[in-house]
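Text of my_file_27.pdb, listed as PDB, C-alpha atoms, pLDDT in the B column:
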```pdb
ATOM      1  CA  MET W 637     -51.406  44.480  41.507  1.00 50.00           C
ATOM      2  CA  ILE W 638     -48.548  45.481  43.837  1.00 51.00           C
ATOM      3  CA  LYS W 639     -46.017  43.764  41.587  1.00 57.00           C
ATOM      4  CA  ARG W 640     -47.379  45.651  38.599  1.00 60.00           C
ATOM      5  CA  PHE W 641     -46.853  49.087  40.177  1.00 56.00           C
ATOM      6  CA  GLY W 642     -43.917  48.187  42.428  1.00 54.00           C
ATOM      7  CA  ALA W 643     -41.116  48.927  39.943  1.00 49.00           C
ATOM      8  CA  PRO W 644     -42.537  52.250  38.664  1.00 50.00           C
ATOM      9  CA  PHE W 645     -43.250  53.316  42.244  1.00 49.00           C
ATOM     10  CA  ALA W 646     -39.701  52.427  43.301  1.00 44.00           C
ATOM     11  CA  VAL W 647     -38.279  54.420  40.365  1.00 43.00           C
ATOM     12  CA  LEU W 648     -40.475  57.393  41.313  1.00 46.00           C
ATOM     13  CA  VAL W 649     -39.375  57.267  44.960  1.00 42.00           C
ATOM     14  CA  LEU W 650     -35.720  56.930  43.940  1.00 42.00           C
ATOM     15  CA  GLY W 651     -36.064  59.887  41.570  1.00 42.00           C
ATOM     16  CA  LEU W 652     -37.654  62.061  44.237  1.00 42.00           C
ATOM     17  CA  ALA W 653     -35.035  61.061  46.795  1.00 39.00           C
ATOM     18  CA  THR W 654     -32.272  61.910  44.314  1.00 39.00           C
ATOM     19  CA  ALA W 655     -33.820  65.319  43.570  1.00 41.00           C
ATOM     20  CA  ILE W 656     -34.149  66.100  47.279  1.00 42.00           C
ATOM     21  CA  TYR W 657     -30.572  64.973  47.904  1.00 41.00           C
ATOM     22  CA  PHE W 658     -29.210  67.251  45.184  1.00 43.00           C
ATOM     23  CA  GLN W 659     -31.339  70.201  46.299  1.00 45.00           C
ATOM     24  CA  LEU W 660     -30.326  69.857  49.947  1.00 44.00           C
ATOM     25  CA  GLY W 661     -26.826  68.567  49.341  1.00 45.00           C
ATOM     26  CA  ASN W 662     -25.952  71.377  46.944  1.00 45.00           C
ATOM     27  CA  ALA W 663     -27.505  74.142  49.009  1.00 51.00           C
ATOM     28  CA  LYS W 664     -25.119  76.967  49.753  1.00 57.00           C
ATOM     29  CA  ARG W 665     -22.135  75.331  48.089  1.00 77.00           C
ATOM     30  CA  ALA W 666     -19.050  77.528  48.297  1.00 83.00           C
ATOM     31  CA  GLY W 667     -15.317  77.298  48.761  1.00 88.00           C
ATOM     32  CA  PHE W 668     -14.408  75.771  45.417  1.00 94.00           C
ATOM     33  CA  PRO W 669     -12.488  77.178  42.433  1.00 95.00           C
ATOM     34  CA  ALA W 670     -14.932  78.696  39.953  1.00 97.00           C
ATOM     35  CA  PRO W 671     -14.923  76.612  36.759  1.00 97.00           C
ATOM     36  CA  ASP W 672     -13.828  78.679  33.771  1.00 97.00           C
ATOM     37  CA  PHE W 673     -16.057  79.207  30.749  1.00 98.00           C
ATOM     38  CA  ALA W 674     -16.205  81.340  27.617  1.00 98.00           C
ATOM     39  CA  LEU W 675     -19.595  82.499  26.312  1.00 98.00           C
ATOM     40  CA  PRO W 676     -20.822  85.163  23.901  1.00 97.00           C
ATOM     41  CA  ASP W 677     -22.909  88.148  24.944  1.00 97.00           C
ATOM     42  CA  LEU W 678     -25.834  89.462  22.900  1.00 96.00           C
ATOM     43  CA  SER W 679     -23.502  91.236  20.446  1.00 96.00           C
ATOM     44  CA  GLY W 680     -21.322  88.150  19.952  1.00 96.00           C
ATOM     45  CA  GLN W 681     -18.381  89.319  22.099  1.00 97.00           C
ATOM     46  CA  VAL W 682     -16.967  86.356  24.025  1.00 97.00           C
ATOM     47  CA  HIS W 683     -16.457  86.744  27.777  1.00 97.00           C
ATOM     48  CA  ARG W 684     -14.122  84.335  29.580  1.00 98.00           C
ATOM     49  CA  LEU W 685     -14.507  84.091  33.352  1.00 98.00           C
ATOM     50  CA  SER W 686     -10.734  83.821  33.877  1.00 97.00           C
ATOM     51  CA  ASP W 687     -10.305  87.249  32.244  1.00 97.00           C
ATOM     52  CA  PHE W 688     -11.955  88.769  35.332  1.00 97.00           C
ATOM     53  CA  ARG W 689      -9.412  87.402  37.844  1.00 96.00           C
ATOM     54  CA  GLY W 690      -8.664  90.167  40.336  1.00 95.00           C
ATOM     55  CA  LYS W 691     -12.279  91.342  40.346  1.00 97.00           C
ATOM     56  CA  VAL W 692     -15.340  90.316  42.326  1.00 98.00           C
ATOM     57  CA  VAL W 693     -17.704  88.450  39.990  1.00 98.00           C
ATOM     58  CA  PHE W 694     -21.462  88.122  40.429  1.00 98.00           C
ATOM     59  CA  LEU W 695     -22.462  85.127  38.277  1.00 98.00           C
ATOM     60  CA  ASN W 696     -26.206  84.600  37.866  1.00 98.00           C
ATOM     61  CA  VAL W 697     -27.621  81.584  36.005  1.00 98.00           C
ATOM     62  CA  TRP W 698     -31.164  82.219  34.771  1.00 97.00           C
ATOM     63  CA  ALA W 699     -33.729  81.854  31.957  1.00 97.00           C
ATOM     64  CA  THR W 700     -36.375  84.186  30.507  1.00 96.00           C
ATOM     65  CA  TRP W 701     -39.133  81.597  31.075  1.00 96.00           C
ATOM     66  CA  CYS W 702     -38.368  81.487  34.834  1.00 96.00           C
ATOM     67  CA  PRO W 703     -40.678  83.867  36.799  1.00 97.00           C
ATOM     68  CA  PRO W 704     -38.324  84.243  39.830  1.00 97.00           C
ATOM     69  CA  CYS W 705     -35.442  85.007  37.432  1.00 96.00           C
ATOM     70  CA  ARG W 706     -37.469  87.697  35.695  1.00 95.00           C
ATOM     71  CA  MET W 707     -38.477  89.095  39.069  1.00 96.00           C
ATOM     72  CA  GLU W 708     -34.905  89.602  40.341  1.00 96.00           C
ATOM     73  CA  MET W 709     -33.449  91.182  37.186  1.00 97.00           C
ATOM     74  CA  PRO W 710     -34.411  94.800  38.058  1.00 96.00           C
ATOM     75  CA  ALA W 711     -32.772  94.384  41.492  1.00 97.00           C
ATOM     76  CA  MET W 712     -29.642  93.030  39.817  1.00 98.00           C
ATOM     77  CA  GLU W 713     -29.593  96.069  37.533  1.00 98.00           C
ATOM     78  CA  THR W 714     -29.806  98.352  40.580  1.00 97.00           C
ATOM     79  CA  LEU W 715     -26.863  96.603  42.253  1.00 98.00           C
ATOM     80  CA  PHE W 716     -24.858  96.676  39.028  1.00 98.00           C
ATOM     81  CA  ARG W 717     -25.373 100.421  38.586  1.00 97.00           C
ATOM     82  CA  ARG W 718     -24.337 101.099  42.196  1.00 97.00           C
ATOM     83  CA  LEU W 719     -21.107  99.126  41.824  1.00 97.00           C
ATOM     84  CA  LYS W 720     -20.302  99.951  38.184  1.00 95.00           C
ATOM     85  CA  GLY W 721     -16.803 101.243  37.562  1.00 92.00           C
ATOM     86  CA  ARG W 722     -15.321  99.317  40.476  1.00 94.00           C
ATOM     87  CA  ASP W 723     -13.572  95.927  40.499  1.00 95.00           C
ATOM     88  CA  PHE W 724     -17.006  94.329  40.142  1.00 97.00           C
ATOM     89  CA  VAL W 725     -18.359  92.276  37.260  1.00 98.00           C
ATOM     90  CA  MET W 726     -21.923  91.069  36.872  1.00 98.00           C
ATOM     91  CA  LEU W 727     -22.569  88.244  34.409  1.00 98.00           C
ATOM     92  CA  ALA W 728     -26.059  86.892  33.795  1.00 98.00           C
ATOM     93  CA  VAL W 729     -25.821  83.563  31.976  1.00 98.00           C
ATOM     94  CA  SER W 730     -29.043  82.733  30.136  1.00 97.00           C
ATOM     95  CA  GLN W 731     -29.923  79.070  29.749  1.00 96.00           C
ATOM     96  CA  ASP W 732     -32.609  79.756  27.125  1.00 91.00           C
ATOM     97  CA  GLU W 733     -32.455  77.212  24.310  1.00 93.00           C
ATOM     98  CA  ASP W 734     -33.595  79.891  21.823  1.00 92.00           C
ATOM     99  CA  GLY W 735     -30.580  82.051  22.737  1.00 86.00           C
ATOM    100  CA  LEU W 736     -30.585  85.580  21.349  1.00 89.00           C
ATOM    101  CA  LYS W 737     -34.121  85.212  19.960  1.00 93.00           C
ATOM    102  CA  ALA W 738     -35.529  84.798  23.499  1.00 91.00           C
ATOM    103  CA  VAL W 739     -33.045  86.864  25.489  1.00 95.00           C
ATOM    104  CA  GLY W 740     -32.553  89.946  23.290  1.00 95.00           C
ATOM    105  CA  PRO W 741     -36.118  91.291  23.592  1.00 96.00           C
ATOM    106  CA  PHE W 742     -36.145  90.623  27.354  1.00 96.00           C
ATOM    107  CA  VAL W 743     -32.909  92.567  27.894  1.00 96.00           C
ATOM    108  CA  GLU W 744     -34.183  95.479  25.781  1.00 96.00           C
ATOM    109  CA  GLN W 745     -37.559  95.562  27.511  1.00 95.00           C
ATOM    110  CA  HIS W 746     -35.972  95.667  30.971  1.00 95.00           C
ATOM    111  CA  ARG W 747     -33.114  97.983  29.922  1.00 96.00           C
ATOM    112  CA  LEU W 748     -30.458  95.737  31.416  1.00 97.00           C
ATOM    113  CA  THR W 749     -26.958  97.185  31.096  1.00 97.00           C
ATOM    114  CA  PHE W 750     -24.856  94.366  32.603  1.00 97.00           C
ATOM    115  CA  PRO W 751     -23.445  91.646  30.330  1.00 97.00           C
ATOM    116  CA  VAL W 752     -25.942  88.909  29.514  1.00 98.00           C
ATOM    117  CA  LEU W 753     -24.280  85.790  28.146  1.00 98.00           C
ATOM    118  CA  LEU W 754     -25.867  83.073  26.030  1.00 97.00           C
ATOM    119  CA  ASP W 755     -25.489  79.440  27.080  1.00 97.00           C
ATOM    120  CA  PRO W 756     -28.233  77.514  25.245  1.00 95.00           C
ATOM    121  CA  LYS W 757     -26.500  74.168  25.884  1.00 95.00           C
ATOM    122  CA  GLY W 758     -26.327  74.740  29.660  1.00 95.00           C
ATOM    123  CA  SER W 759     -22.568  74.285  30.001  1.00 96.00           C
ATOM    124  CA  VAL W 760     -22.330  76.685  32.965  1.00 97.00           C
ATOM    125  CA  SER W 761     -25.228  74.953  34.721  1.00 96.00           C
ATOM    126  CA  SER W 762     -23.512  71.593  34.481  1.00 95.00           C
ATOM    127  CA  ARG W 763     -20.078  72.910  35.515  1.00 96.00           C
ATOM    128  CA  TYR W 764     -21.490  74.670  38.568  1.00 97.00           C
ATOM    129  CA  GLY W 765     -23.993  71.967  39.529  1.00 95.00           C
ATOM    130  CA  VAL W 766     -27.019  74.225  39.137  1.00 96.00           C
ATOM    131  CA  THR W 767     -30.213  72.470  40.218  1.00 93.00           C
ATOM    132  CA  GLY W 768     -32.744  75.212  39.433  1.00 93.00           C
ATOM    133  CA  TYR W 769     -33.093  78.819  38.391  1.00 97.00           C
ATOM    134  CA  PRO W 770     -32.045  81.355  39.388  1.00 98.00           C
ATOM    135  CA  GLU W 771     -28.803  80.522  41.123  1.00 97.00           C
ATOM    136  CA  THR W 772     -26.094  83.065  41.853  1.00 98.00           C
ATOM    137  CA  PHE W 773     -22.423  82.500  42.617  1.00 98.00           C
ATOM    138  CA  VAL W 774     -20.194  85.197  44.090  1.00 98.00           C
ATOM    139  CA  ILE W 775     -16.586  84.700  43.030  1.00 98.00           C
ATOM    140  CA  ASP W 776     -13.735  86.442  44.853  1.00 97.00           C
ATOM    141  CA  ARG W 777     -10.701  88.134  43.326  1.00 96.00           C
ATOM    142  CA  GLU W 778      -8.743  84.847  43.374  1.00 95.00           C
ATOM    143  CA  GLY W 779     -11.396  82.971  41.387  1.00 96.00           C
ATOM    144  CA  LYS W 780     -12.972  81.070  44.283  1.00 97.00           C
ATOM    145  CA  VAL W 781     -16.734  80.742  44.817  1.00 97.00           C
ATOM    146  CA  ILE W 782     -17.374  82.333  48.208  1.00 97.00           C
ATOM    147  CA  GLU W 783     -21.169  82.523  48.169  1.00 97.00           C
ATOM    148  CA  HIS W 784     -23.942  80.519  46.509  1.00 97.00           C
ATOM    149  CA  VAL W 785     -27.526  81.755  46.504  1.00 96.00           C
ATOM    150  CA  ILE W 786     -30.353  79.502  45.379  1.00 96.00           C
ATOM    151  CA  GLY W 787     -33.490  81.317  44.264  1.00 96.00           C
ATOM    152  CA  PRO W 788     -34.261  84.997  43.802  1.00 96.00           C
ATOM    153  CA  GLU W 789     -32.756  87.630  46.076  1.00 95.00           C
ATOM    154  CA  SER W 790     -33.385  91.313  46.818  1.00 94.00           C
ATOM    155  CA  TRP W 791     -30.102  92.402  45.283  1.00 96.00           C
ATOM    156  CA  GLU W 792     -30.947  96.086  45.694  1.00 94.00           C
ATOM    157  CA  SER W 793     -31.081  95.870  49.511  1.00 95.00           C
ATOM    158  CA  GLU W 794     -28.689  97.931  51.599  1.00 96.00           C
ATOM    159  CA  GLN W 795     -27.423  94.783  53.352  1.00 96.00           C
ATOM    160  CA  ILE W 796     -26.424  93.191  50.035  1.00 96.00           C
ATOM    161  CA  TYR W 797     -24.785  96.432  48.899  1.00 97.00           C
ATOM    162  CA  ARG W 798     -22.706  96.577  52.112  1.00 96.00           C
ATOM    163  CA  TYR W 799     -21.701  92.925  51.603  1.00 97.00           C
ATOM    164  CA  PHE W 800     -20.302  93.716  48.156  1.00 97.00           C
ATOM    165  CA  GLU W 801     -18.744  96.954  49.422  1.00 96.00           C
ATOM    166  CA  GLY W 802     -16.819  94.830  51.931  1.00 95.00           C
ATOM    167  CA  LEU W 803     -15.632  92.490  49.198  1.00 96.00           C
ATOM    168  CA  LEU W 804     -14.486  95.421  47.085  1.00 96.00           C
ATOM    169  CA  GLN W 805     -12.294  96.972  49.795  1.00 91.00           C
ATOM    170  CA  PRO W 806      -8.636  96.787  48.861  1.00 81.00           C
ATOM    171  CA  PRO W 807      -6.929  93.865  50.576  1.00 68.00           C
ATOM    172  CA  ARG W 808      -4.886  94.948  53.595  1.00 67.00           C
ATOM    173  CA  ASP W 809      -1.158  94.392  53.390  1.00 58.00           C
ATOM    174  CA  VAL W 810      -0.138  92.041  56.202  1.00 47.00           C
ATOM    175  CA  ASN W 811       3.167  93.906  56.722  1.00 51.00           C
ATOM    176  CA  GLU W 812       1.318  97.238  56.911  1.00 50.00           C
ATOM    177  CA  ALA W 813      -1.024  95.884  59.584  1.00 46.00           C
ATOM    178  CA  ARG W 814       1.926  94.605  61.655  1.00 44.00           C
ATOM    179  CA  SER W 815       3.759  97.937  61.514  1.00 45.00           C
ATOM    180  CA  ALA W 816       0.737 100.105  62.318  1.00 45.00           C
ATOM    181  CA  PRO W 817       1.220 102.090  65.533  1.00 45.00           C
ATOM    182  CA  SER W 818      -0.805 100.872  68.495  1.00 43.00           C
ATOM    183  CA  SER W 819      -3.622 103.019  69.802  1.00 45.00           C
ATOM    184  CA  ASN W 820      -2.261 103.093  73.355  1.00 46.00           C
ATOM    185  CA  GLY W 821       0.610 105.374  72.449  1.00 46.00           C
ATOM    186  CA  SER W 822       3.438 102.823  72.636  1.00 45.00           C
TER
END
```

Do you think you could lay out the structure here as structure tokens?
Amino acid sequence: MIKRFGAPFAVLVLGLATAIYFQLGNAKRAGFPAPDFALPDLSGQVHRLSDFRGKVVFLNVWATWCPPCRMEMPAMETLFRRLKGRDFVMLAVSQDEDGLKAVGPFVEQHRLTFPVLLDPKGSVSSRYGVTGYPETFVIDREGKVIEHVIGPESWESEQIYRYFEGLLQPPRDVNEARSAPSSNGS
């Protein structure tokens, strides 16, 4: 009896251990160059990540069938509207296999104004090592992932807004900082 169930049990345990390893091992991954991609939005216009170099990019990987993803979309819209017109880009990459057919009505219903990109083959998920939905990657002006958030977030919070405000401040010139007069009058 043990021999009969031993192999399937071992495969099950190995599978669970692998899943746990990837969930824990990939948690809060940051500090790597953001892999480039090119995907169409709902109108067919192609957006290439590398075209946004010099801007702060909020990259969210999601699906319409994912309840936590659906839950955080209004908060993402709030953040997007607060930061719109700045060096800030929000890209929501849908992993829905039905593409526009599934995503279009959702975007209309929720009146989302940020770019929603279609990735029915999951190329962004595989390039970024996504293990579940939603996952968000914050990419700095140089194209490096500086923050990785697994699961839904309250993107409309004041703390999150201040975080992005800090990222959007113009970089200080090192020479300017060195030549600034000291506060003690010397």

- Starting from the shown file, work through the PyMOL selection byres ((chain W and resi 708-712) around 8) and note down what comes out as a ChimeraX atom specification. /W:704-707,713-716,746,748,788-792

Any chance you could tabulate, as a Markdown table, the residues of range 790-809 of chain W at most 12 Å from range 693-700 of chain W with each one's nearest atom pair and distance in Å to one decimal, using all atoms listed in the file, in chain and rising number order?
```
| residue | atom | partner | partner_atom | distance |
| --- | --- | --- | --- | --- |
| W:Trp791 | CA | W:Phe694 | CA | 10.8 |
| W:Ile796 | CA | W:Phe694 | CA | 11.9 |
| W:Phe800 | CA | W:Phe694 | CA | 9.6 |
| W:Leu803 | CA | W:Val693 | CA | 10.3 |
| W:Leu804 | CA | W:Val693 | CA | 10.5 |
```

- Message: Once the PyMOL selection byres ((chain W and resi 733) around 12) has been evaluated on this model, what residues remain selected, and can you format them as a ChimeraX atom specification?
- Response: /W:698-701,729-732,734-739,754-759

- Item | Pairwise distance for CA of Tyr764 in chain W and CA of Glu778 in chain W, rounded to one decimal in Å |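 Computing it gives 17.0 Å between the two atoms.
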
- Item | Long-range neighbours of Ser679 in chain W as an MDAnalysis selection string, 10 Å cut-off, only C-alpha atoms, 6 positions minimum in chain | chainID W and resid 736 740 751:753
